[in-house]
file query.txt (compact mmCIF, C-alpha atoms and all ligand atoms)
# COMPACT_ATOMS: atom_id res chain seq x y z
CA MET A 9 24.91 8.46 21.12
CA SER A 10 24.90 5.34 18.90
CA TRP A 11 23.34 5.45 15.42
CA VAL A 12 20.74 2.94 16.63
CA THR A 13 19.56 5.33 19.36
CA GLU A 14 19.51 8.21 16.89
CA PHE A 15 17.52 6.14 14.40
CA ARG A 16 15.03 5.10 17.06
CA ALA A 17 14.05 8.73 17.56
CA LEU A 18 13.02 8.78 13.86
CA GLU A 19 10.77 5.73 13.94
CA ASP A 20 7.50 7.68 13.72
CA ASP A 21 8.57 9.08 10.35
CA CYS A 22 9.55 5.62 9.08
CA ARG A 23 6.05 4.47 10.04
CA ARG A 24 4.57 6.87 7.46
CA ALA A 25 5.35 4.15 4.88
CA PRO A 26 2.29 2.83 3.03
CA SER A 27 0.90 -0.67 3.59
CA ALA A 28 -2.05 -2.64 2.22
CA HIS A 29 -5.18 -1.95 4.34
CA ASN A 30 -2.84 0.22 6.45
CA THR A 31 -2.02 -2.83 8.58
CA GLN A 32 1.55 -1.57 9.19
CA PRO A 33 2.89 -5.13 9.36
CA TRP A 34 6.43 -4.15 10.35
CA THR A 35 8.06 -4.45 13.76
CA LEU A 36 11.55 -3.18 14.56
CA ARG A 37 13.94 -5.00 16.90
CA TYR A 38 16.81 -2.83 18.02
CA GLY A 39 20.25 -4.38 18.51
CA ASP A 40 23.52 -2.73 19.58
CA ASP A 41 24.72 -2.21 16.00
CA ASP A 42 21.82 -3.32 13.80
CA ILE A 43 18.05 -2.98 13.56
CA ARG A 44 16.05 -5.96 12.41
CA VAL A 45 12.85 -5.50 10.40
CA HIS A 46 10.35 -8.26 11.20
CA TRP A 47 6.68 -8.64 10.36
CA ASP A 48 3.72 -9.42 12.55
CA PRO A 49 1.59 -12.22 11.03
CA ALA A 50 -1.48 -10.82 12.80
CA ARG A 51 -1.01 -7.80 10.51
CA SER A 52 -0.92 -9.79 7.28
CA LEU A 53 -3.97 -10.46 5.10
CA PRO A 54 -4.03 -14.23 4.51
CA ASP A 55 -7.33 -14.21 2.60
CA SER A 56 -6.97 -10.99 0.60
CA ASP A 57 -3.24 -11.48 0.01
CA PRO A 58 -2.68 -15.26 -0.02
CA THR A 59 0.57 -15.00 -2.03
CA ARG A 60 1.87 -12.31 0.39
CA ARG A 61 2.65 -10.04 -2.58
CA ASP A 62 1.24 -7.00 -0.77
CA LEU A 63 2.89 -7.99 2.53
CA PHE A 64 6.37 -8.02 0.98
CA LEU A 65 5.68 -4.91 -1.13
CA SER A 66 4.65 -3.11 2.08
CA LEU A 67 7.78 -4.31 3.90
CA GLY A 68 9.86 -3.06 0.96
CA ALA A 69 8.11 0.31 1.13
CA PHE A 70 8.89 0.46 4.85
CA ILE A 71 12.58 -0.45 4.42
CA GLU A 72 13.03 2.19 1.70
CA THR A 73 11.28 4.75 3.91
CA CYS A 74 13.63 3.89 6.79
CA LEU A 75 16.64 4.51 4.53
CA ILE A 76 15.25 7.85 3.29
CA VAL A 77 14.45 8.99 6.83
CA ALA A 78 17.91 7.96 8.06
CA ALA A 79 19.54 9.77 5.12
CA GLY A 80 17.51 12.89 5.96
CA ALA A 81 19.04 12.85 9.43
CA GLY A 82 22.55 12.33 8.01
CA LEU A 83 22.79 8.76 9.37
CA PRO A 84 24.79 6.38 7.15
CA VAL A 85 22.51 3.31 7.07
CA SER A 86 22.00 0.60 4.47
CA CYS A 87 19.82 -2.50 4.37
CA ASP A 88 20.51 -6.17 4.01
CA VAL A 89 17.33 -7.72 2.60
CA ALA A 90 17.17 -11.44 3.46
CA VAL A 91 13.87 -13.02 4.41
CA ASP A 92 13.91 -15.53 7.25
CA GLN A 93 10.52 -17.24 7.27
CA ALA A 94 11.21 -18.95 10.62
CA SER A 95 11.74 -15.75 12.60
CA LEU A 96 9.53 -13.61 10.27
CA ARG A 97 12.45 -11.31 9.51
CA ALA A 98 12.55 -9.32 6.27
CA ALA A 99 15.80 -7.37 6.53
CA ARG A 100 18.46 -5.82 8.73
CA LEU A 101 19.35 -2.15 8.80
CA VAL A 102 23.10 -1.87 9.23
CA PRO A 103 25.75 0.86 9.42
CA ALA A 104 27.06 1.96 6.03
CA PRO A 105 30.19 3.77 4.80
CA ALA A 106 28.06 6.62 3.38
CA VAL A 107 24.62 8.17 3.75
CA TYR A 108 22.00 6.48 1.50
CA ASP A 109 21.89 8.18 -1.89
CA THR A 110 18.29 9.23 -2.48
CA PRO A 111 16.56 12.19 -4.11
CA PHE A 112 13.82 12.05 -1.45
CA THR A 113 13.61 13.94 1.80
CA LEU A 114 11.88 13.66 5.14
CA ALA A 115 9.40 16.27 3.88
CA SER A 116 8.42 14.00 0.95
CA VAL A 117 7.90 11.07 3.34
CA ARG A 118 5.67 13.18 5.58
CA GLN A 119 3.68 14.63 2.67
CA ARG A 120 2.95 11.41 0.73
CA GLY A 121 -0.49 9.84 0.91
CA CYS A 122 -3.17 8.07 -1.12
CA ALA A 123 -6.09 10.09 -2.54
CA ARG A 124 -9.21 8.07 -3.36
CA GLY A 125 -11.57 10.86 -4.47
CA GLY A 126 -11.89 12.51 -7.87
CA TYR A 127 -8.94 13.32 -10.15
CA ALA A 128 -8.72 16.01 -12.83
CA PRO A 129 -8.63 14.60 -16.37
CA GLY A 130 -5.15 14.24 -17.85
CA VAL A 131 -2.66 11.49 -18.53
CA LEU A 132 0.88 11.27 -17.26
CA ASP A 133 3.33 12.95 -19.63
CA ALA A 134 6.19 11.02 -21.19
CA GLY A 135 8.85 12.99 -19.25
CA THR A 136 7.34 12.07 -15.89
CA LEU A 137 7.01 8.43 -16.91
CA THR A 138 10.69 8.37 -17.92
CA ALA A 139 11.68 9.97 -14.59
CA LEU A 140 9.68 7.33 -12.70
CA THR A 141 11.26 4.51 -14.66
CA ALA A 142 14.69 5.88 -13.74
CA LEU A 143 13.80 5.13 -10.11
CA GLY A 144 14.11 1.41 -10.87
CA ALA A 145 10.47 0.65 -11.61
CA ASP A 146 9.15 -1.04 -14.74
CA LEU A 147 5.85 0.78 -15.20
CA ARG A 148 3.21 0.33 -17.85
CA GLN A 149 0.66 3.07 -18.47
CA VAL A 150 -2.92 2.00 -19.15
CA PRO A 151 -5.79 4.40 -20.00
CA SER A 152 -8.13 4.56 -17.01
CA ARG A 153 -11.26 4.05 -19.12
CA SER A 154 -9.98 0.68 -20.35
CA LEU A 155 -10.21 -0.64 -16.78
CA VAL A 156 -13.76 0.52 -15.96
CA GLY A 157 -15.25 -2.93 -16.73
CA PRO A 158 -12.42 -4.95 -15.10
CA LEU A 159 -12.62 -2.82 -11.93
CA ALA A 160 -16.37 -3.46 -11.68
CA SER A 161 -15.72 -7.23 -12.04
CA ALA A 162 -12.89 -7.13 -9.50
CA ASP A 163 -15.06 -5.19 -7.02
CA ARG A 164 -17.93 -7.67 -7.46
CA TRP A 165 -15.46 -10.49 -6.76
CA MET A 166 -14.04 -8.64 -3.75
CA PHE A 167 -17.41 -7.81 -2.16
CA GLY A 168 -18.74 -11.27 -3.05
CA THR A 169 -15.92 -13.18 -1.31
CA PRO A 170 -16.79 -13.59 2.39
CA GLU A 171 -13.19 -14.07 3.59
CA VAL A 172 -12.00 -10.94 1.79
CA VAL A 173 -14.94 -8.95 3.14
CA ALA A 174 -14.15 -10.24 6.64
CA GLU A 175 -10.62 -8.80 6.36
CA LEU A 176 -11.97 -5.52 5.04
CA ARG A 177 -14.38 -5.40 7.97
CA GLU A 178 -11.50 -6.07 10.35
CA TRP A 179 -9.38 -3.23 8.96
CA MET A 180 -12.00 -0.63 8.08
CA ARG A 181 -12.63 2.14 10.61
CA LEU A 182 -15.92 3.52 9.35
CA SER A 183 -16.65 5.80 12.27
CA PRO A 184 -14.42 8.07 14.37
CA ARG A 185 -15.82 6.15 17.36
CA HIS A 186 -13.84 3.06 16.30
CA PRO A 187 -11.28 2.42 19.08
CA ARG A 188 -8.42 2.13 16.56
CA TYR A 189 -9.51 5.07 14.36
CA ALA A 190 -6.28 7.03 14.92
CA LEU A 191 -3.97 4.02 14.85
CA ASP A 192 -4.31 1.82 11.77
CA GLY A 193 -6.67 0.53 9.09
CA LEU A 194 -8.75 2.38 6.55
CA THR A 195 -10.83 5.25 7.88
CA ASP A 196 -13.94 6.70 6.23
CA LYS A 197 -11.91 9.89 5.61
CA ALA A 198 -9.04 8.00 3.96
CA MET A 199 -11.54 6.23 1.71
CA ALA A 200 -13.12 9.60 0.76
CA MET A 201 -16.52 8.53 2.13
CA SER A 202 -19.21 10.73 3.58
CA ARG A 203 -20.65 9.79 6.99
CA VAL A 204 -23.77 8.47 5.26
CA GLU A 205 -21.77 6.35 2.79
CA ALA A 206 -19.62 4.96 5.59
CA ALA A 207 -22.67 4.08 7.70
CA GLY A 208 -24.29 2.43 4.67
CA LEU A 209 -21.21 0.34 3.95
CA ALA A 210 -20.88 -0.66 7.61
CA ALA A 211 -24.53 -1.81 7.62
CA MET A 212 -24.18 -3.79 4.38
CA ILE A 213 -21.07 -5.69 5.39
CA ALA A 214 -22.07 -6.28 9.03
CA PRO A 215 -21.75 -10.08 9.50
CA ARG A 216 -25.44 -10.90 9.90
CA ALA A 217 -26.69 -8.66 7.11
CA TYR A 218 -23.90 -9.74 4.75
CA ARG A 219 -24.68 -13.45 5.20
CA VAL A 220 -28.13 -12.79 3.75
CA THR A 221 -27.58 -9.88 1.34
CA ARG A 222 -24.45 -11.38 -0.25
CA HIS A 223 -26.83 -13.46 -2.35
CA LEU A 224 -29.22 -10.58 -2.93
CA GLY A 225 -27.02 -8.20 -4.86
CA THR A 226 -24.90 -6.49 -2.18
CA PRO A 227 -21.62 -7.19 -4.06
CA ALA A 228 -23.04 -5.65 -7.26
CA LEU A 229 -24.41 -2.70 -5.32
CA LEU A 230 -21.06 -2.04 -3.61
CA ALA A 231 -19.18 -2.48 -6.88
CA ALA A 232 -21.51 0.07 -8.50
CA ALA A 233 -20.33 2.66 -5.97
CA SER A 234 -16.88 2.73 -7.57
CA LYS A 235 -18.16 2.73 -11.15
CA GLY A 236 -17.22 6.33 -11.86
CA LEU A 237 -13.71 5.97 -10.44
CA LEU A 238 -11.98 5.31 -13.77
CA ARG A 239 -14.49 6.88 -16.14
CA TYR A 240 -12.34 9.86 -17.14
CA ASP A 241 -9.28 10.36 -19.33
CA GLY A 242 -6.63 9.48 -16.79
CA SER A 243 -3.68 7.18 -16.17
CA VAL A 244 -3.41 3.88 -14.41
CA LEU A 245 0.12 2.62 -13.85
CA VAL A 246 1.03 -1.03 -13.48
CA LEU A 247 4.30 -1.96 -11.79
CA VAL A 248 5.59 -5.15 -13.35
CA GLY A 249 8.53 -7.34 -12.47
CA SER A 250 9.87 -10.72 -11.61
CA ALA A 251 8.65 -11.83 -8.20
CA VAL A 252 10.14 -15.25 -7.77
CA THR A 253 11.44 -14.70 -4.23
CA PRO A 254 10.13 -12.64 -1.28
CA GLU A 255 13.36 -10.62 -1.50
CA SER A 256 12.57 -9.65 -5.09
CA VAL A 257 9.06 -8.51 -4.08
CA ILE A 258 10.61 -6.43 -1.27
CA GLU A 259 12.88 -4.76 -3.85
CA HIS A 260 9.81 -3.96 -5.98
CA GLY A 261 8.12 -2.50 -2.87
CA ARG A 262 11.12 -0.22 -2.43
CA ALA A 263 10.77 0.95 -6.05
CA LEU A 264 7.00 1.37 -5.60
CA VAL A 265 7.37 3.82 -2.73
CA ARG A 266 10.04 5.75 -4.65
CA VAL A 267 7.54 6.13 -7.49
CA TRP A 268 4.77 7.24 -5.13
CA LEU A 269 7.11 9.78 -3.50
CA ALA A 270 8.20 11.14 -6.87
CA LEU A 271 4.58 11.53 -7.98
CA SER A 272 3.68 13.21 -4.70
CA GLU A 273 6.54 15.69 -5.13
CA ARG A 274 5.00 16.63 -8.51
CA GLY A 275 1.58 17.24 -6.93
CA LEU A 276 0.27 13.96 -8.32
CA ALA A 277 -1.60 11.49 -6.13
CA VAL A 278 -1.99 7.72 -6.26
CA HIS A 279 -4.92 5.41 -5.60
CA PRO A 280 -3.96 1.71 -5.58
CA LEU A 281 -6.50 -0.74 -7.02
CA SER A 282 -5.01 -4.07 -5.95
CA GLN A 283 -8.33 -5.89 -6.38
CA LEU A 284 -7.59 -5.83 -10.13
CA LEU A 285 -4.71 -8.22 -9.41
CA ASP A 286 -6.25 -10.10 -6.48
CA CYS A 287 -9.21 -11.20 -8.60
CA THR A 288 -7.74 -14.01 -10.72
CA ALA A 289 -9.89 -13.28 -13.78
CA THR A 290 -9.07 -9.57 -14.00
CA GLY A 291 -5.43 -10.09 -12.95
CA THR A 292 -4.88 -12.66 -15.71
CA ALA A 293 -6.66 -10.50 -18.29
CA LEU A 294 -4.61 -7.43 -17.35
CA ALA A 295 -1.32 -9.39 -17.45
CA ALA A 296 -2.19 -10.59 -20.96
CA THR A 297 -2.30 -6.99 -22.22
CA LEU A 298 1.13 -6.02 -20.84
CA ASP A 299 3.62 -7.89 -23.05
CA LEU A 300 5.43 -9.50 -20.10
CA ALA A 301 8.48 -11.75 -20.07
CA PRO A 302 7.75 -15.32 -18.86
CA ASP A 303 8.96 -14.67 -15.29
CA GLU A 304 7.24 -11.27 -14.99
CA SER A 305 3.86 -10.43 -13.52
CA PRO A 306 1.92 -7.29 -12.58
CA LEU A 307 2.71 -6.48 -8.93
CA ALA A 308 0.85 -3.26 -8.21
CA VAL A 309 -1.84 -1.23 -9.98
CA PHE A 310 -2.71 2.35 -9.13
CA ARG A 311 -4.37 5.30 -10.80
CA THR A 312 -2.44 8.51 -10.66
CA GLY A 313 -3.16 12.12 -11.46
CA ARG A 314 -3.96 15.51 -10.03
CA PRO A 315 -6.41 14.97 -7.16
CA LEU A 316 -9.35 17.34 -6.76
CA ARG A 317 -8.74 17.24 -2.99
CA PRO A 318 -5.42 16.65 -1.22
CA ALA A 319 -4.73 13.18 0.17
CA PRO A 320 -6.04 12.92 3.74
CA ARG A 321 -3.55 12.05 6.47
CA SER A 322 -3.84 8.36 7.29
CA ALA A 323 -3.64 6.83 10.78
CA ARG A 324 -0.43 5.40 12.25
CA ILE A 325 0.54 3.51 15.37
CA PRO A 326 3.08 5.66 17.20
CA ALA A 327 6.52 4.23 17.93
CA ARG A 328 6.88 2.85 21.42
C1 LIG A 401 1.15 -3.04 -1.49
C2 LIG A 401 0.04 -2.07 -1.26
C3 LIG A 401 -1.24 -2.35 -1.76
C4 LIG A 401 -2.28 -1.44 -1.56
N1 LIG A 401 -3.52 -1.71 -2.10
C5 LIG A 401 -4.52 -0.81 -1.96
C6 LIG A 401 -5.79 -1.02 -2.58
O1 LIG A 401 -6.04 -2.02 -3.24
N2 LIG A 401 -6.75 -0.06 -2.43
C7 LIG A 401 -6.51 1.09 -1.73
O2 LIG A 401 -7.41 1.93 -1.64
N3 LIG A 401 -5.30 1.32 -1.14
C8 LIG A 401 -4.32 0.40 -1.23
N4 LIG A 401 -3.09 0.64 -0.69
C9 LIG A 401 -2.85 1.90 0.02
C10 LIG A 401 -2.95 1.70 1.51
O3 LIG A 401 -4.28 1.46 1.91
C11 LIG A 401 -2.36 2.94 2.19
O4 LIG A 401 -0.99 2.98 1.93
C12 LIG A 401 -2.57 2.95 3.69
O5 LIG A 401 -3.95 3.03 3.97
C13 LIG A 401 -1.87 4.14 4.35
O6 LIG A 401 -2.33 5.34 3.80
P1 LIG A 401 -1.33 6.39 3.09
O7 LIG A 401 -0.64 5.67 1.99
O8 LIG A 401 -2.25 7.47 2.60
O9 LIG A 401 -0.38 6.85 4.15
C14 LIG A 401 -2.04 -0.25 -0.85
C15 LIG A 401 -0.75 0.02 -0.35
C16 LIG A 401 0.27 -0.87 -0.55
C17 LIG A 401 1.64 -0.57 -0.02

call {"tool": "encode", "arguments": {"input": "query.txt", "output": "structure tokens"}}
result
Amino acid sequence: MSWVTEFRALEDDCRRAPSAHNTQPWTLRYGDDDIRVHWDPARSLPDSDPTRRDLFLSLGAFIETCLIVAAGAGLPVSCDVAVDQASLRAARLVPAPAVYDTPFTLASVRQRGCARGGYAPGVLDAGTLTALTALGADLRQVPSRSLVGPLASADRWMFGTPEVVAELREWMRLSPRHPRYALDGLTDKAMAMSRVEAAGLAAMIAPRAYRVTRHLGTPALLAAASKGLLRYDGSVLVLVGSAVTPESVIEHGRALVRVWLALSERGLAVHPLSQLLDCTATGTALAATLDLAPDESPLAVFRTGRPLRPAPRSARIPAR
């Protein structure tokens, strides 16, 4: 059996990779002796992610997950990251002289997830931060309380921007009756919402209601719902780096998933808060606090800590 056929049997595990709004933008094209990683533009977020930072981070997370899964099965596979905008190709997976050298296992890939509920107080210790940095990620630790105000501003911007809300609406699955509930997007469970909260949110952002209530305080009301999220003594980590090419963002996405896997192996969860970067005002203000080199920018922001409840299992499209 060729390595390509063997890898194909592992695709469902590769698909456990994280992606913004759980759009799972990747598509795999199987050749005789290579596997090409493309992306589906219908699964990108042109209004929420106009620079495609999250798209390429997600593709990087997927590529790294593919390599870890292949290594777990003893398949010697490496990746050749080269973005071709014309054919929407991000990388090729190719045969390698040796199995990919990674500390992570299939079990870590299967166990990882985002937890958006409460976290126990406590900041990340210096040893863990050093171990994460050794995975190739430049991380800056910020006290969670310092971002309470910026998160409220970023949420008001997010819920007050019709195009961004439209994409949220498209990718949120706020009831188990949604036809794509088990396949993709953000479910009520994944967002740690009760049935009542999910129904309330669905009603507030329904197109007709939102057109009217957007001017009557709905964004402030929705932003208020996440007010308590950072009001405890916890850690927010910011991944920073140079992101001058799509390839460099993909490399940062690979490092990001390594960090999330390492945290998960320590019983620590993550909750990304990308709106802090997407909102220009809060993104610029945050960058100014980070002592960055001229070509560097913040690429991902997430709180991390010991979750009060385990991360729920998110939906995935099965491999065909
Ligand atoms: C680049 C990137 C950005 C993300 N941004 C956010 C975010 O702003 N808010 C959030 O709640 N989750 C965010 N996520 C997490 C995804 O929603 C999550 O990975 C996806 O729903 C799949 O769930 P899982 O990671 O639990 O498997 C982001 C993930 C990635 C890879």

call {"tool": "closest_residue", "arguments": {"input": "query.txt", "among": "A:Ala142, A:Ala94, A:Ile76, A:Val89", "to": "A:Thr110", "atoms": "only C-alpha atoms"}}
result
A:Ile76

call {"tool": "closest_residue", "arguments": {"input": "query.txt", "among": "A:Leu176, A:Ala28, A:Leu143, A:Ala232", "to": "A:Arg262", "atoms": "all atoms listed in the file"}}
result
A:Leu143

call {"tool": "residues_near_ligand", "arguments": {"input": "query.txt", "ligand": "ligand LIG 401 (chain A)", "cutoff": "7 Å", "atoms": "only C-alpha atoms and all ligand atoms", "output": "JSON, numbers by chain"}}
result
{"A": [24, 25, 26, 27, 28, 29, 30, 62, 63, 65, 66, 69, 120, 121, 122, 123, 124, 193, 194, 198, 199, 279, 280, 281, 282, 283, 308, 319, 320, 321, 322]}

call {"tool": "residues_around", "arguments": {"input": "query.txt", "residues": "stretch 240-242 of chain A", "least_positions_apart": "4", "cutoff": "12 Å", "atoms": "all atoms listed in the file", "output": "list in words"}}
result
Gly126, Tyr127, Ala128, Pro129, Gly130, Val131, Leu132, Asp133, Gln149, Val150, Pro151, Ser152, Arg153, Ser154, Leu155, Val156, Lys235, Gly236, Leu276, Ala277, Val278, Phe310, Arg311, Thr312, Gly313, Arg314 and Pro315 of chain A

call {"tool": "residues_around", "arguments": {"input": "query.txt", "residues": "A:Phe112", "least_positions_apart": "2", "cutoff": "12 Å", "atoms": "all atoms listed in the file", "output": "list in words"}}
result
Glu72, Thr73, Cys74, Leu75, Ile76, Val77, Ala78, Ala79, Gly80, Tyr108, Asp109, Thr110, Leu114, Ala115, Ser116, Val117, Arg118, Gln119, Arg120, Leu143, Val265, Arg266, Val267, Trp268, Leu269, Ala270, Leu271, Ser272 and Glu273 of chain A

call {"tool": "atom_distance", "arguments": {"input": "query.txt", "atom1": "atom CA of A:Ala323", "atom2": "atom CA of A:Tyr189"}}
result
7.1 Å

call {"tool": "closest_residue", "arguments": {"input": "query.txt", "among": "A:Ile258, A:Ala210, A:Ala301, A:Ala139", "to": "A:Arg274", "atoms": "all atoms listed in the file"}}
result
A:Ala139

call {"tool": "atom_distance", "arguments": {"input": "query.txt", "atom1": "atom CA of A:Pro84", "atom2": "atom CA of A:Pro103"}}
result
6.0 Å

call {"tool": "atom_distance", "arguments": {"input": "query.txt", "atom1": "atom CA of A:Leu159", "atom2": "atom CA of A:Arg203"}}
result
24.1 Å

call {"tool": "axis_aligned_box", "arguments": {"input": "query.txt", "around": "stretch 43-50 of chain A", "padding_each_side": "8 Å", "output": "AutoDock Vina command-line options"}}
result
--center_x 8.3 --center_y -7.6 --center_z 12.0 --size_x 35.5 --size_y 25.2 --size_z 19.2

call {"tool": "closest_residue", "arguments": {"input": "query.txt", "among": "A:Ile71, A:Ala214, A:Tyr38, A:Leu101", "to": "A:Asp21", "atoms": "only C-alpha atoms"}}
result
A:Ile71

call {"tool": "closest_residue", "arguments": {"input": "query.txt", "among": "A:Ala217, A:Glu178, A:Arg164, A:Ala81", "to": "A:Ala17", "atoms": "all atoms listed in the file"}}
result
A:Ala81

call {"tool": "closest_residue", "arguments": {"input": "query.txt", "among": "A:Arg185, A:Thr195, A:Ser250, A:Gly275", "to": "A:Pro302", "atoms": "all atoms listed in the file"}}
result
A:Ser250

call {"tool": "residues_around", "arguments": {"input": "query.txt", "residues": "A:Leu147", "least_positions_apart": "6", "cutoff": "9 Å", "atoms": "all atoms listed in the file", "output": "list in words"}}
result
Leu137, Leu140, Thr141, Leu245, Val246, Leu247, Val248 and Gly249 of chain A

call {"tool": "build_atoms", "arguments": {"input": "query.txt", "residues": "stretch 125-143 of chain A", "atoms": "N, CA, C and O atoms", "output": "CSV table (one decimal), in the coordinates of the input"}}
result
chain,number,residue,atom,x,y,z
A,125,GLY,N,-10.4,10.1,-3.9
A,125,GLY,CA,-11.6,10.9,-4.5
A,125,GLY,C,-11.4,11.1,-6.0
A,125,GLY,O,-10.7,10.4,-6.6
A,126,GLY,N,-12.0,12.2,-6.4
A,126,GLY,CA,-11.9,12.5,-7.9
A,126,GLY,C,-10.5,13.0,-8.3
A,126,GLY,O,-9.8,13.6,-7.5
A,127,TYR,N,-10.2,12.8,-9.6
A,127,TYR,CA,-8.9,13.3,-10.2
A,127,TYR,C,-9.3,14.2,-11.4
A,127,TYR,O,-10.3,13.9,-12.1
A,128,ALA,N,-8.5,15.2,-11.6
A,128,ALA,CA,-8.7,16.0,-12.8
A,128,ALA,C,-8.3,15.2,-14.0
A,128,ALA,O,-7.4,14.3,-13.9
A,129,PRO,N,-9.0,15.4,-15.2
A,129,PRO,CA,-8.6,14.6,-16.4
A,129,PRO,C,-7.2,14.9,-16.8
A,129,PRO,O,-6.7,16.0,-16.4
A,130,GLY,N,-6.5,14.0,-17.4
A,130,GLY,CA,-5.2,14.2,-17.8
A,130,GLY,C,-4.3,13.0,-17.6
A,130,GLY,O,-4.4,12.4,-16.6
A,131,VAL,N,-3.5,12.7,-18.7
A,131,VAL,CA,-2.7,11.5,-18.5
A,131,VAL,C,-1.2,11.9,-18.2
A,131,VAL,O,-0.9,13.1,-18.4
A,132,LEU,N,-0.5,11.0,-17.7
A,132,LEU,CA,0.9,11.3,-17.3
A,132,LEU,C,1.7,11.6,-18.5
A,132,LEU,O,1.6,10.9,-19.5
A,133,ASP,N,2.5,12.6,-18.4
A,133,ASP,CA,3.3,13.0,-19.6
A,133,ASP,C,4.6,12.0,-19.7
A,133,ASP,O,5.0,11.4,-18.7
A,134,ALA,N,5.1,12.0,-20.9
A,134,ALA,CA,6.2,11.0,-21.2
A,134,ALA,C,7.4,11.3,-20.3
A,134,ALA,O,8.1,10.4,-19.8
A,135,GLY,N,7.7,12.6,-20.1
A,135,GLY,CA,8.8,13.0,-19.2
A,135,GLY,C,8.7,12.4,-17.8
A,135,GLY,O,9.7,11.9,-17.3
A,136,THR,N,7.5,12.6,-17.3
A,136,THR,CA,7.3,12.1,-15.9
A,136,THR,C,7.5,10.6,-15.9
A,136,THR,O,8.1,10.0,-15.0
A,137,LEU,N,6.9,9.9,-16.9
A,137,LEU,CA,7.0,8.4,-16.9
A,137,LEU,C,8.5,8.0,-17.0
A,137,LEU,O,8.9,7.0,-16.3
A,138,THR,N,9.3,8.7,-17.8
A,138,THR,CA,10.7,8.4,-17.9
A,138,THR,C,11.4,8.6,-16.6
A,138,THR,O,12.2,7.8,-16.1
A,139,ALA,N,11.0,9.7,-15.9
A,139,ALA,CA,11.7,10.0,-14.6
A,139,ALA,C,11.3,8.9,-13.6
A,139,ALA,O,12.2,8.5,-12.8
A,140,LEU,N,10.1,8.4,-13.6
A,140,LEU,CA,9.7,7.3,-12.7
A,140,LEU,C,10.4,6.0,-13.0
A,140,LEU,O,10.9,5.3,-12.1
A,141,THR,N,10.6,5.7,-14.3
A,141,THR,CA,11.3,4.5,-14.7
A,141,THR,C,12.7,4.5,-14.2
A,141,THR,O,13.3,3.5,-13.8
A,142,ALA,N,13.3,5.7,-14.2
A,142,ALA,CA,14.7,5.9,-13.7
A,142,ALA,C,14.8,5.6,-12.3
A,142,ALA,O,16.0,5.4,-11.8
A,143,LEU,N,13.7,5.5,-11.5
A,143,LEU,CA,13.8,5.1,-10.1
A,143,LEU,C,13.9,3.6,-9.9
A,143,LEU,O,13.7,3.1,-8.8
